[in-house]
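start-v4.txt, holding compact mmCIF, C-alpha atoms:
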```txt
# COMPACT_ATOMS: atom_id res chain seq x y z
CA MET V 331 -39.08 -32.09 -11.04
CA ILE V 332 -39.59 -28.57 -9.71
CA TYR V 333 -36.32 -27.11 -8.50
CA PRO V 334 -35.88 -24.46 -5.79
CA GLN V 335 -35.96 -20.93 -7.19
CA THR V 336 -33.30 -19.33 -4.99
CA LEU V 337 -29.88 -20.25 -3.65
CA ALA V 338 -31.19 -20.05 -0.08
CA ALA V 339 -33.97 -22.52 -0.93
CA TRP V 340 -31.48 -24.87 -2.58
CA LEU V 341 -29.21 -24.81 0.48
CA ASP V 342 -32.15 -25.57 2.76
CA ARG V 343 -33.06 -28.50 0.54
CA LEU V 344 -29.51 -29.86 0.40
CA SER V 345 -29.23 -29.80 4.18
CA GLY V 346 -31.93 -32.46 4.42
CA LEU V 347 -31.13 -34.64 1.40
CA HIS V 348 -28.62 -36.97 3.04
CA SER V 349 -29.07 -38.78 6.34
CA LYS V 350 -25.60 -37.79 7.54
CA GLU V 351 -23.94 -34.35 7.65
CA ILE V 352 -20.56 -36.05 7.11
CA ASP V 353 -20.31 -39.29 5.11
CA LEU V 354 -16.72 -39.88 4.06
CA GLY V 355 -16.10 -41.91 0.92
CA LEU V 356 -15.50 -41.29 -2.78
CA GLU V 357 -17.63 -43.87 -4.58
CA ARG V 358 -20.89 -41.90 -4.64
CA VAL V 359 -19.47 -38.47 -5.43
CA ARG V 360 -16.98 -39.84 -7.98
CA LYS V 361 -19.78 -41.58 -9.88
CA VAL V 362 -21.71 -38.32 -10.19
CA GLY V 363 -18.53 -36.41 -11.03
CA LEU V 364 -17.76 -38.84 -13.83
CA ASP V 365 -21.30 -38.54 -15.21
CA LEU V 366 -20.93 -34.75 -15.17
CA ALA V 367 -17.44 -34.99 -16.76
CA VAL V 368 -15.98 -32.48 -14.29
CA LEU V 369 -12.99 -34.38 -12.90
CA GLN V 370 -10.51 -32.25 -14.87
CA PRO V 371 -11.64 -28.74 -13.89
CA ALA V 372 -8.50 -26.98 -15.18
CA PRO V 373 -5.23 -27.79 -16.95
CA TYR V 374 -3.40 -27.44 -13.61
CA VAL V 375 -4.98 -28.45 -10.31
CA ILE V 376 -3.69 -27.83 -6.79
CA ILE V 377 -5.26 -29.53 -3.75
CA VAL V 378 -4.72 -28.05 -0.29
CA ALA V 379 -5.19 -30.30 2.76
CA GLY V 380 -4.28 -30.01 6.43
CA THR V 381 -5.76 -29.19 9.82
CA ASN V 382 -5.10 -25.46 10.03
CA GLY V 383 -3.96 -22.87 7.49
CA LYS V 384 -5.76 -24.32 4.47
CA GLY V 385 -7.95 -21.29 3.78
CA SER V 386 -5.09 -18.82 4.17
CA SER V 387 -2.86 -20.93 1.91
CA VAL V 388 -5.56 -21.09 -0.77
CA ALA V 389 -5.98 -17.31 -0.55
CA MET V 390 -2.23 -16.78 -1.00
CA LEU V 391 -2.00 -19.20 -3.92
CA GLU V 392 -4.95 -17.52 -5.60
CA SER V 393 -3.57 -14.00 -5.06
CA ILE V 394 -0.10 -14.86 -6.38
CA LEU V 395 -1.40 -16.74 -9.42
CA LEU V 396 -3.75 -13.88 -10.28
CA ALA V 397 -0.81 -11.47 -9.99
CA SER V 398 1.00 -13.77 -12.42
CA GLY V 399 -1.76 -13.33 -14.99
CA TYR V 400 -3.37 -16.76 -14.70
CA ARG V 401 -7.11 -17.45 -14.79
CA VAL V 402 -7.83 -19.05 -11.44
CA GLY V 403 -10.75 -20.86 -9.87
CA SER V 404 -10.74 -21.51 -6.12
CA TYR V 405 -12.96 -23.73 -4.01
CA THR V 406 -12.92 -23.40 -0.20
CA SER V 407 -15.05 -24.31 2.79
CA PRO V 408 -16.74 -23.49 5.02
CA HIS V 409 -17.88 -19.97 4.23
CA VAL V 410 -18.08 -17.10 6.71
CA LEU V 411 -21.03 -15.01 5.50
CA ARG V 412 -22.16 -16.26 2.07
CA PHE V 413 -22.11 -19.66 0.40
CA ASN V 414 -20.80 -17.89 -2.72
CA GLU V 415 -17.46 -17.36 -0.92
CA ARG V 416 -16.73 -21.04 -1.54
CA ILE V 417 -16.52 -20.75 -5.33
CA LYS V 418 -14.50 -17.96 -6.91
CA ILE V 419 -13.36 -17.18 -10.43
CA ASN V 420 -10.37 -14.86 -10.59
CA GLY V 421 -10.90 -13.87 -6.96
CA ILE V 422 -14.58 -12.95 -7.43
CA GLU V 423 -17.41 -14.93 -5.85
CA VAL V 424 -19.65 -16.53 -8.47
CA ASP V 425 -23.27 -15.39 -8.47
CA ASP V 426 -26.33 -17.23 -7.21
CA THR V 427 -27.47 -18.20 -10.70
CA GLN V 428 -24.22 -19.96 -11.55
CA ILE V 429 -24.48 -21.99 -8.36
CA THR V 430 -28.16 -22.88 -8.69
CA ASN V 431 -27.64 -23.87 -12.34
CA ALA V 432 -24.81 -26.14 -11.20
CA PHE V 433 -27.05 -27.64 -8.51
CA GLU V 434 -29.68 -28.43 -11.16
CA LEU V 435 -27.11 -30.24 -13.30
CA ILE V 436 -25.93 -32.23 -10.28
CA GLU V 437 -29.50 -33.11 -9.31
CA GLN V 438 -30.19 -34.38 -12.83
CA ALA V 439 -26.95 -36.39 -12.91
CA ARG V 440 -27.13 -38.00 -9.47
CA LYS V 441 -30.47 -39.80 -10.05
CA GLU V 442 -30.78 -42.10 -7.02
CA THR V 443 -27.28 -41.43 -5.68
CA SER V 444 -27.34 -39.73 -2.28
CA LEU V 445 -24.99 -36.79 -1.76
CA THR V 446 -24.14 -34.72 1.31
CA TYR V 447 -24.29 -30.93 1.42
CA PHE V 448 -20.50 -30.76 1.09
CA GLU V 449 -20.46 -33.18 -1.84
CA PHE V 450 -23.07 -31.06 -3.64
CA ALA V 451 -20.98 -27.96 -2.93
CA THR V 452 -17.78 -29.59 -4.20
CA LEU V 453 -19.42 -30.80 -7.40
CA ALA V 454 -20.93 -27.34 -7.91
CA GLY V 455 -17.46 -25.84 -7.76
CA LEU V 456 -16.19 -28.36 -10.29
CA VAL V 457 -19.16 -27.73 -12.58
CA VAL V 458 -18.58 -23.96 -12.51
CA PHE V 459 -14.85 -24.39 -13.13
CA ASN V 460 -15.54 -26.80 -15.99
CA GLN V 461 -17.76 -24.17 -17.62
CA THR V 462 -15.01 -21.55 -17.35
CA GLU V 463 -11.78 -21.31 -19.27
CA LEU V 464 -9.28 -21.60 -16.41
CA ASP V 465 -5.55 -22.09 -16.19
CA VAL V 466 -5.50 -23.25 -12.56
CA ALA V 467 -8.02 -24.68 -10.10
CA ILE V 468 -7.25 -24.62 -6.36
CA LEU V 469 -9.32 -27.03 -4.27
CA GLU V 470 -9.44 -27.00 -0.47
CA VAL V 471 -10.16 -30.28 1.29
CA GLY V 472 -13.08 -30.09 3.71
CA LEU V 473 -12.22 -32.92 6.11
CA GLY V 474 -9.24 -35.27 6.02
CA GLY V 475 -8.15 -35.82 2.45
CA ARG V 476 -8.11 -39.46 1.42
CA LEU V 477 -11.91 -39.83 1.54
CA ASP V 478 -12.87 -36.17 1.05
CA ALA V 479 -14.99 -35.29 -1.99
CA VAL V 480 -12.26 -32.99 -3.36
CA ASN V 481 -10.02 -36.05 -3.76
CA ILE V 482 -12.02 -37.34 -6.74
CA VAL V 483 -9.84 -34.95 -8.75
CA ASP V 484 -6.26 -35.92 -9.58
CA ALA V 485 -4.11 -32.93 -8.68
CA ASN V 486 -0.89 -31.88 -10.39
CA ALA V 487 0.41 -30.71 -7.01
CA CYS V 488 -0.77 -30.67 -3.43
CA LEU V 489 0.02 -28.67 -0.31
CA LEU V 490 -0.26 -30.12 3.19
CA THR V 491 -0.51 -27.40 5.84
CA SER V 492 -0.10 -27.89 9.60
CA ILE V 493 -1.44 -31.21 10.88
CA ASP V 494 -2.95 -31.67 14.31
CA ILE V 495 -5.71 -33.57 16.09
CA ASP V 496 -9.17 -32.52 14.93
CA HIS V 497 -12.29 -34.35 13.73
CA SER V 498 -11.02 -37.36 15.68
CA ASP V 499 -14.40 -39.14 15.35
CA TRP V 500 -13.71 -39.46 11.62
CA LEU V 501 -9.93 -39.18 11.19
CA GLY V 502 -8.40 -40.83 14.25
CA THR V 503 -7.14 -39.78 17.66
CA ASP V 504 -3.44 -39.16 16.96
CA ARG V 505 -1.35 -37.20 14.46
CA GLU V 506 -0.06 -40.33 12.72
CA LYS V 507 -3.55 -41.53 11.80
CA ILE V 508 -4.63 -38.03 10.83
CA GLY V 509 -1.45 -37.48 8.82
CA TYR V 510 -2.19 -40.61 6.80
CA GLU V 511 -5.67 -39.31 5.97
CA LYS V 512 -4.28 -35.93 4.90
CA ALA V 513 -1.55 -37.58 2.82
CA GLY V 514 -4.23 -39.32 0.77
CA VAL V 515 -4.34 -36.34 -1.61
CA MET V 516 -0.78 -37.01 -2.80
CA ARG V 517 -0.24 -38.69 -6.17
CA LYS V 518 2.55 -40.78 -7.65
CA ASN V 519 5.34 -38.63 -9.13
CA ALA V 520 3.38 -35.45 -8.40
CA LEU V 521 4.77 -32.59 -6.31
CA ALA V 522 3.62 -32.56 -2.68
CA ILE V 523 4.69 -29.72 -0.41
CA CYS V 524 4.33 -29.99 3.36
CA SER V 525 4.47 -26.73 5.31
CA ASP V 526 4.24 -28.41 8.73
CA PRO V 527 7.73 -28.16 10.30
CA SER V 528 7.17 -31.46 12.17
CA PRO V 529 5.04 -33.63 9.91
CA PRO V 530 3.76 -37.00 11.13
CA GLU V 531 5.94 -39.90 10.02
CA SER V 532 2.87 -41.35 8.30
CA VAL V 533 3.00 -38.52 5.74
CA ILE V 534 6.59 -39.33 4.80
CA LYS V 535 5.94 -43.09 4.72
CA HIS V 536 2.90 -42.71 2.49
CA ALA V 537 4.78 -40.42 0.11
CA ASP V 538 7.56 -43.00 -0.15
CA ALA V 539 5.07 -45.83 -0.65
CA ILE V 540 3.31 -44.17 -3.59
CA GLU V 541 6.46 -42.43 -4.90
CA ALA V 542 5.12 -38.92 -4.48
CA ASN V 543 7.60 -36.05 -4.84
CA LEU V 544 7.35 -34.83 -1.23
CA LYS V 545 9.21 -31.69 -0.16
CA LEU V 546 9.61 -30.88 3.53
CA PRO V 547 10.62 -27.72 5.41
CA GLY V 548 14.05 -28.08 6.97
CA ARG V 549 14.97 -30.86 4.54
CA ASP V 550 14.12 -29.58 1.05
CA TYR V 551 13.46 -25.91 1.70
CA SER V 552 13.86 -23.39 4.50
CA PHE V 553 12.55 -19.98 5.44
CA CYS V 554 13.29 -17.39 8.10
CA ALA V 555 11.86 -13.95 8.84
CA SER V 556 14.16 -10.99 8.27
CA LEU V 557 13.84 -7.21 8.30
CA ASP V 558 13.33 -7.23 4.55
CA GLY V 559 10.75 -10.03 4.47
CA VAL V 560 11.13 -13.80 4.48
CA GLU V 561 14.36 -15.46 3.36
CA PHE V 562 13.59 -18.57 1.32
CA LYS V 563 16.08 -21.25 0.26
CA SER V 564 15.79 -24.49 -1.64
CA THR V 565 18.06 -26.37 -4.02
CA GLY V 566 19.37 -23.85 -6.52
CA GLN V 567 17.18 -21.02 -5.21
CA SER V 568 17.62 -18.31 -2.63
CA PHE V 569 15.57 -15.12 -2.42
CA VAL V 570 13.60 -12.88 -0.07
CA PHE V 571 9.84 -12.55 -0.47
CA SER V 572 7.42 -10.13 1.16
CA LYS V 573 5.60 -11.01 4.37
CA PRO V 574 1.91 -11.69 3.70
CA SER V 575 -0.63 -9.03 4.65
CA LEU V 576 -2.53 -11.62 6.73
CA LYS V 577 -1.97 -11.14 10.46
CA GLY V 578 -0.12 -13.63 12.66
CA ASP V 579 3.42 -15.02 12.64
CA PHE V 580 2.04 -18.44 11.68
CA GLN V 581 1.21 -17.01 8.26
CA LEU V 582 4.93 -17.02 7.45
CA GLN V 583 4.86 -20.82 7.60
CA ASN V 584 1.81 -20.91 5.34
CA ALA V 585 3.40 -18.45 2.92
CA ALA V 586 6.63 -20.46 2.77
CA GLY V 587 4.69 -23.59 1.81
CA VAL V 588 2.83 -21.69 -0.89
CA VAL V 589 6.05 -20.20 -2.27
CA ALA V 590 7.75 -23.61 -2.18
CA LEU V 591 4.95 -25.16 -4.22
CA LEU V 592 4.94 -22.40 -6.82
CA LYS V 593 8.72 -22.29 -7.21
CA MET V 594 9.27 -26.08 -7.19
CA GLN V 595 6.76 -26.89 -9.94
CA SER V 596 7.65 -26.27 -13.57
CA LYS V 597 4.40 -25.76 -15.48
CA LEU V 598 3.43 -22.33 -14.12
CA VAL V 599 5.78 -19.37 -14.43
CA VAL V 600 5.64 -17.33 -11.23
CA THR V 601 8.07 -14.46 -10.69
CA LEU V 602 9.28 -13.03 -7.39
CA SER V 603 7.49 -9.79 -8.28
CA ALA V 604 4.18 -11.67 -8.60
CA ILE V 605 4.81 -13.48 -5.32
CA ASN V 606 5.38 -10.19 -3.54
CA GLN V 607 2.37 -8.53 -5.15
CA GLY V 608 0.15 -11.47 -4.31
CA LEU V 609 1.26 -11.76 -0.69
CA GLN V 610 0.97 -8.04 -0.08
CA GLY V 611 -2.59 -7.97 -1.42
CA VAL V 612 -4.01 -11.20 0.01
CA THR V 613 -7.13 -11.16 2.19
CA ASN V 614 -9.03 -13.92 3.98
CA PRO V 615 -12.21 -13.13 5.97
CA GLY V 616 -12.63 -14.30 9.53
CA ARG V 617 -8.92 -14.71 10.24
CA LEU V 618 -7.83 -12.13 12.82
CA GLN V 619 -10.29 -9.76 11.20
CA THR V 620 -11.08 -6.50 12.99
CA LEU V 621 -14.14 -4.28 13.04
CA VAL V 622 -14.65 -1.07 15.05
CA LEU V 623 -18.22 -0.20 16.04
CA ASN V 624 -19.29 2.49 18.53
CA ASN V 625 -15.87 2.70 20.18
CA GLN V 626 -15.65 -1.07 20.55
CA ALA V 627 -12.92 -2.96 18.65
CA TRP V 628 -14.05 -6.45 17.65
CA LEU V 629 -11.56 -9.17 16.71
CA PHE V 630 -12.91 -12.21 14.85
CA ASP V 631 -11.01 -15.44 14.39
CA VAL V 632 -12.31 -18.80 13.16
CA ALA V 633 -9.84 -20.73 15.37
CA HIS V 634 -11.76 -23.91 16.17
CA ASN V 635 -9.30 -26.44 17.58
CA PRO V 636 -6.46 -26.33 20.14
CA GLN V 637 -3.70 -25.77 17.57
CA SER V 638 -5.40 -22.84 15.85
CA VAL V 639 -6.42 -21.31 19.19
CA LYS V 640 -2.79 -21.52 20.31
CA MET V 641 -1.87 -19.46 17.24
CA LEU V 642 -4.58 -16.97 18.20
CA ALA V 643 -3.19 -16.80 21.74
CA ASN V 644 0.32 -16.16 20.41
CA TYR V 645 -1.05 -13.28 18.36
CA LEU V 646 -2.87 -11.80 21.37
CA ALA V 647 0.31 -12.03 23.46
CA GLN V 648 2.04 -9.70 20.99
CA GLN V 649 -0.71 -7.06 21.01
CA PRO V 650 -0.45 -4.02 23.29
CA GLU V 651 -4.22 -4.03 23.95
CA LYS V 652 -5.88 -7.30 25.00
CA PRO V 653 -9.56 -8.21 24.74
CA GLU V 654 -11.46 -7.73 27.99
CA LEU V 655 -14.38 -9.85 26.78
CA ALA V 656 -14.75 -12.98 24.65
CA ILE V 657 -17.82 -14.33 22.90
CA PHE V 658 -17.11 -18.03 22.73
CA SER V 659 -18.84 -21.09 21.34
CA GLY V 660 -17.61 -24.27 19.76
CA LEU V 661 -18.97 -27.47 18.30
CA ALA V 662 -19.67 -30.46 20.52
CA ASP V 663 -17.09 -32.70 18.80
CA LYS V 664 -14.21 -30.30 19.56
CA ASP V 665 -11.71 -30.35 22.43
CA LEU V 666 -13.04 -27.18 24.06
CA LEU V 667 -11.09 -27.07 27.32
CA PRO V 668 -7.66 -26.19 25.84
CA MET V 669 -9.41 -23.70 23.54
CA VAL V 670 -10.55 -21.87 26.66
CA GLU V 671 -7.39 -22.29 28.72
CA GLN V 672 -5.18 -20.74 26.03
CA ILE V 673 -7.30 -17.57 25.85
CA LYS V 674 -8.06 -17.32 29.59
CA PRO V 675 -4.89 -15.28 30.39
CA PHE V 676 -6.09 -12.47 28.13
CA VAL V 677 -9.81 -12.26 28.90
CA SER V 678 -11.60 -11.39 32.14
CA GLN V 679 -15.25 -11.61 31.03
CA TRP V 680 -16.93 -14.29 28.90
CA ILE V 681 -20.18 -14.70 27.01
CA VAL V 682 -21.06 -18.24 25.90
CA VAL V 683 -23.73 -18.79 23.29
CA ASP V 684 -25.70 -21.68 21.82
CA LEU V 685 -25.16 -21.60 18.04
CA GLY V 686 -28.44 -23.38 17.37
CA VAL V 687 -27.03 -25.90 14.89
CA PRO V 688 -27.02 -29.72 15.21
CA ARG V 689 -23.37 -30.01 16.30
CA ALA V 690 -23.45 -27.00 18.66
CA SER V 691 -22.32 -27.26 22.27
CA SER V 692 -25.02 -26.40 24.78
CA VAL V 693 -24.70 -23.36 27.02
CA GLY V 694 -24.45 -25.70 30.00
CA THR V 695 -21.53 -27.57 28.43
CA LEU V 696 -19.76 -24.31 27.62
CA VAL V 697 -20.23 -22.95 31.14
CA GLY V 698 -18.95 -26.22 32.58
CA CYS V 699 -15.87 -26.02 30.37
CA LEU V 700 -15.09 -22.46 31.47
CA THR V 701 -15.56 -23.17 35.17
CA GLN V 702 -13.46 -26.33 34.86
CA SER V 703 -10.64 -24.13 33.55
CA GLY V 704 -10.88 -21.96 36.68
CA ILE V 705 -13.00 -19.08 35.39
CA ALA V 706 -15.38 -17.78 38.06
CA ARG V 707 -19.06 -18.30 37.30
CA SER V 708 -19.64 -14.60 38.04
CA ASN V 709 -17.46 -13.74 35.04
CA ILE V 710 -19.59 -15.76 32.61
CA GLN V 711 -22.78 -14.61 30.91
CA CYS V 712 -25.01 -16.94 28.89
CA ALA V 713 -26.90 -16.32 25.66
CA GLU V 714 -29.37 -18.68 24.00
CA GLN V 715 -28.62 -17.20 20.57
CA MET V 716 -26.09 -14.90 18.94
CA ASP V 717 -28.37 -11.85 18.82
CA GLU V 718 -28.54 -11.93 22.61
CA ALA V 719 -24.77 -12.39 22.91
CA ILE V 720 -24.10 -9.35 20.73
CA ILE V 721 -26.47 -7.19 22.78
CA LEU V 722 -24.83 -8.33 26.01
CA ALA V 723 -21.39 -7.50 24.62
CA LYS V 724 -22.45 -4.08 23.36
CA ASN V 725 -23.83 -3.22 26.80
CA THR V 726 -20.58 -3.96 28.63
CA PRO V 727 -17.80 -1.40 29.18
CA ALA V 728 -15.40 -3.63 27.21
CA LYS V 729 -13.49 -1.73 24.52
CA HIS V 730 -11.91 -4.83 22.95
CA ILE V 731 -13.99 -7.92 22.22
CA LEU V 732 -12.82 -11.27 20.87
CA VAL V 733 -15.14 -13.63 18.96
CA TYR V 734 -13.80 -17.14 18.37
CA GLY V 735 -14.42 -20.88 18.65
CA SER V 736 -15.76 -21.94 15.24
CA PHE V 737 -16.57 -20.70 11.74
CA ILE V 738 -20.22 -20.62 12.77
CA THR V 739 -19.49 -18.47 15.83
CA VAL V 740 -17.70 -15.89 13.69
CA SER V 741 -20.23 -16.09 10.88
CA GLN V 742 -23.22 -15.49 13.15
CA ALA V 743 -21.51 -12.63 15.01
CA MET V 744 -20.32 -10.86 11.86
CA GLU V 745 -23.73 -11.23 10.24
CA ARG V 746 -25.45 -9.67 13.26
CA LEU V 747 -22.93 -6.84 13.34
CA GLY V 748 -23.20 -6.19 9.63
CA GLY V 749 -19.61 -7.25 8.96
```
Please go through the file and, once you have read it, give me the structure as structure tokens.
Amino acid sequence: MIYPQTLAAWLDRLSGLHSKEIDLGLERVRKVGLDLAVLQPAPYVIIVAGTNGKGSSVAMLESILLASGYRVGSYTSPHVLRFNERIKINGIEVDDTQITNAFELIEQARKETSLTYFEFATLAGLVVFNQTELDVAILEVGLGGRLDAVNIVDANACLLTSIDIDHSDWLGTDREKIGYEKAGVMRKNALAICSDPSPPESVIKHADAIEANLKLPGRDYSFCASLDGVEFKSTGQSFVFSKPSLKGDFQLQNAAGVVALLKMQSKLVVTLSAINQGLQGVTNPGRLQTLVLNNQAWLFDVAHNPQSVKMLANYLAQQPEKPELAIFSGLADKDLLPMVEQIKPFVSQWIVVDLGVPRASSVGTLVGCLTQSGIARSNIQCAEQMDEAIILAKNTPAKHILVYGSFITVSQAMERLGG
């Protein structure tokens, strides 16, 4: 077989290999993972699941563990600008060759087994980690948990971030059903930290049923912001850690869950000094990220469901200068109306754009959503592609521009702007 010669060519090929973009289930990907012998990618494995806050939590775990001197591999999705962002060794993106070599091994191992793009990506991460001498592997769930490809690996500990309604076509239409899917990454007797202050009852019930060691905020640990940082308390522990460098008050909740996991497990030694160093130095692209170009301040945020957009709105409410213009687009399977209504108080002018991908909302759908929320049609401009949207935005008098609605929206805008 002749394999693609570049990473870009491989990714194009993978996009068309499987009949479905999303095909939940572990049987196919586990079989290939077993044949590749990559189901134990590191001596200590952490899985991060949840609706919002997964990427930030992975970034904080990685930063703290690196500050502690551990060799760390991290796998996340989706990426913002480059596929390589998904697979990192010691905080550095792996190169194209490592990924394409992993793809070749997967292609040879899968034989007639069909794999989705995400399953190929997940196995590539595991292959790269298996080829590297790591102490810790951090794996971010893509969708759900119980049937997500990442869950072929048995984790030593897991972290459940905030849980809300998203991907309802696959996970269910209420928090209890979704919570059950997320809780599927927990293991018997293994530590499971939940950072959601009001977790679905299904999470607690599933933990009890499988005898997972579940720790909850307000019951097993607590945190509260102070002038000095964040006060953290759990059984036998009380200390103050630094606020993370990531913007947004919601990051305190994510940081508390990360700290709880690291301080409640016993195999990895993590000092308060390393926690502070890691949190102060953490970065995560596309999350309240700013860029100033030609006297215009651009704010990018990958908020892509009502809960994450509410967090974005809370952040905007605290800022002295609000965006006058928003470039907005979301995927067709998202609840777009509340994503607009929560930002509407801050923005007077809108540009909606067709992202040009299979799950993209049409311009007509986006305009209908905005007008349904009470935004005047005269305040809405339409773009058939992101290049046009960027030009429109640059030619307005707006000094502060918000880009949000999906990872793809942010990715396309940042790529066009050279971010």
Put a box with edges along x, y and z around all the listed atoms of stretch 429-441 of chain V, pad it by 6 Å on each side, then give me its centre and sizes in Å, one decimal, as JSON.
```
{"center_x": -27.5, "center_y": -30.9, "center_z": -10.8, "size_x": 18.0, "size_y": 29.8, "size_z": 16.9}
```
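Near (-6.7, -21.1, 10.2), the residues inside the 7 Å limit, counting only C-alpha atoms, come to Asn382, Gly383, Lys384, Gly385, Ser386, Arg617, Val632, Ala633 and Ser638 of chain V.
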Selection to disk with C-alpha atoms, as a compact mmCIF listing (two decimals), in the frame of the given file:
```txt
# COMPACT_ATOMS: atom_id res chain seq x y z
CA ASN V 382 -5.10 -25.46 10.03
CA GLY V 383 -3.96 -22.87 7.49
CA LYS V 384 -5.76 -24.32 4.47
CA GLY V 385 -7.95 -21.29 3.78
CA SER V 386 -5.09 -18.82 4.17
CA ARG V 617 -8.92 -14.71 10.24
CA VAL V 632 -12.31 -18.80 13.16
CA ALA V 633 -9.84 -20.73 15.37
CA SER V 638 -5.40 -22.84 15.85
```
Original post:
Skipping near chain neighbours, those fewer than 5 positions away, what residues fall within 12 Å of V:Leu655 using only C-alpha atoms, listed as a ChimeraX atom specification?
Top reply: /V:626-629,673-682,709-711,719-720,722-734
Using only C-alpha atoms, please write the residues we just selected to a file, as a PDB file, in the frame of the given file.
```
ATOM      1  CA  GLN V 626     -15.650  -1.070  20.550  1.00  0.00           C
ATOM      2  CA  ALA V 627     -12.920  -2.960  18.650  1.00  0.00           C
ATOM      3  CA  TRP V 628     -14.050  -6.450  17.650  1.00  0.00           C
ATOM      4  CA  LEU V 629     -11.560  -9.170  16.710  1.00  0.00           C
ATOM      5  CA  ILE V 673      -7.300 -17.570  25.850  1.00  0.00           C
ATOM      6  CA  LYS V 674      -8.060 -17.320  29.590  1.00  0.00           C
ATOM      7  CA  PRO V 675      -4.890 -15.280  30.390  1.00  0.00           C
ATOM      8  CA  PHE V 676      -6.090 -12.470  28.130  1.00  0.00           C
ATOM      9  CA  VAL V 677      -9.810 -12.260  28.900  1.00  0.00           C
ATOM     10  CA  SER V 678     -11.600 -11.390  32.140  1.00  0.00           C
ATOM     11  CA  GLN V 679     -15.250 -11.610  31.030  1.00  0.00           C
ATOM     12  CA  TRP V 680     -16.930 -14.290  28.900  1.00  0.00           C
ATOM     13  CA  ILE V 681     -20.180 -14.700  27.010  1.00  0.00           C
ATOM     14  CA  VAL V 682     -21.060 -18.240  25.900  1.00  0.00           C
ATOM     15  CA  ASN V 709     -17.460 -13.740  35.040  1.00  0.00           C
ATOM     16  CA  ILE V 710     -19.590 -15.760  32.610  1.00  0.00           C
ATOM     17  CA  GLN V 711     -22.780 -14.610  30.910  1.00  0.00           C
ATOM     18  CA  ALA V 719     -24.770 -12.390  22.910  1.00  0.00           C
ATOM     19  CA  ILE V 720     -24.100  -9.350  20.730  1.00  0.00           C
ATOM     20  CA  LEU V 722     -24.830  -8.330  26.010  1.00  0.00           C
ATOM     21  CA  ALA V 723     -21.390  -7.500  24.620  1.00  0.00           C
ATOM     22  CA  LYS V 724     -22.450  -4.080  23.360  1.00  0.00           C
ATOM     23  CA  ASN V 725     -23.830  -3.220  26.800  1.00  0.00           C
ATOM     24  CA  THR V 726     -20.580  -3.960  28.630  1.00  0.00           C
ATOM     25  CA  PRO V 727     -17.800  -1.400  29.180  1.00  0.00           C
ATOM     26  CA  ALA V 728     -15.400  -3.630  27.210  1.00  0.00           C
ATOM     27  CA  LYS V 729     -13.490  -1.730  24.520  1.00  0.00           C
ATOM     28  CA  HIS V 730     -11.910  -4.830  22.950  1.00  0.00           C
ATOM     29  CA  ILE V 731     -13.990  -7.920  22.220  1.00  0.00           C
ATOM     30  CA  LEU V 732     -12.820 -11.270  20.870  1.00  0.00           C
ATOM     31  CA  VAL V 733     -15.140 -13.630  18.960  1.00  0.00           C
ATOM     32  CA  TYR V 734     -13.800 -17.140  18.370  1.00  0.00           C
TER      33      TYR V 734
END
```
Considering all atoms listed in the file, return as a JSON list (two decimals) with C-alpha atoms, in the coordinates of the input whatever protein or nucleic-acid residues lie within 12 Å of V:Asp365, sequence-local ones (same chain, fewer than 2 positions apart) excluded.
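As written to disk, part-v5.json reads:
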```json
[["chain", "number", "residue", "atom", "x", "y", "z"],
["V", 358, "ARG", "CA", -20.89, -41.90, -4.64],
["V", 359, "VAL", "CA", -19.47, -38.47, -5.43],
["V", 360, "ARG", "CA", -16.98, -39.84, -7.98],
["V", 361, "LYS", "CA", -19.78, -41.58, -9.88],
["V", 362, "VAL", "CA", -21.71, -38.32, -10.19],
["V", 363, "GLY", "CA", -18.53, -36.41, -11.03],
["V", 367, "ALA", "CA", -17.44, -34.99, -16.76],
["V", 368, "VAL", "CA", -15.98, -32.48, -14.29],
["V", 369, "LEU", "CA", -12.99, -34.38, -12.90],
["V", 435, "LEU", "CA", -27.11, -30.24, -13.30],
["V", 436, "ILE", "CA", -25.93, -32.23, -10.28],
["V", 437, "GLU", "CA", -29.50, -33.11, -9.31],
["V", 438, "GLN", "CA", -30.19, -34.38, -12.83],
["V", 439, "ALA", "CA", -26.95, -36.39, -12.91],
["V", 440, "ARG", "CA", -27.13, -38.00, -9.47],
["V", 441, "LYS", "CA", -30.47, -39.80, -10.05],
["V", 443, "THR", "CA", -27.28, -41.43, -5.68],
["V", 453, "LEU", "CA", -19.42, -30.80, -7.40],
["V", 457, "VAL", "CA", -19.16, -27.73, -12.58]]
```
Subject >> All residues 12 Å or closer to stretch 566-568 of chain V, all atoms listed in the file, same chain fewer than 5 positions away omitted, as an NGL selection string >> reply: :V and (550-554 or 560-561 or 589-590 or 593-594 or 602)
Subject >> Pick from V:Val639, V:Leu618, V:Ala522, V:Leu364 nearest to V:Gly587, counting all atoms listed in the file >> reply: V:Ala522
**OP:** Would you please work out which residue, of V:Asn519, V:Gln637, V:Thr565, V:Thr452, is nearest to V:Thr406 when using all atoms listed in the file?
**Re:** V:Thr452
**OP:** Excluding V:Leu747 and any residue of its chain fewer than 2 positions from it, enumerate the residues within 10 Å of it, using all atoms listed in the file, and give them as a PyMOL selection string.
**Re:** chain V and resi 621+623+628+717+720+741-745+749
Original post:
Which residues come within 12 Å of V:Ser528, counting only C-alpha atoms, excluding same-chain residues fewer than 6 positions away, as a PyMOL selection string?
Top reply: chain V and resi 490-494+505-506+509+534+546-549+583
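Nearest residue to V:Ala690 among V:Ser703, V:Thr739, V:Gln595, V:Gln648 is V:Thr739, counting only C-alpha atoms.
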Original post:
What is the atom CA of V:Thr381 to atom CA of V:Lys597 distance in Å?
Top reply: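 Distance reported for this atom pair: 27.5 Å.
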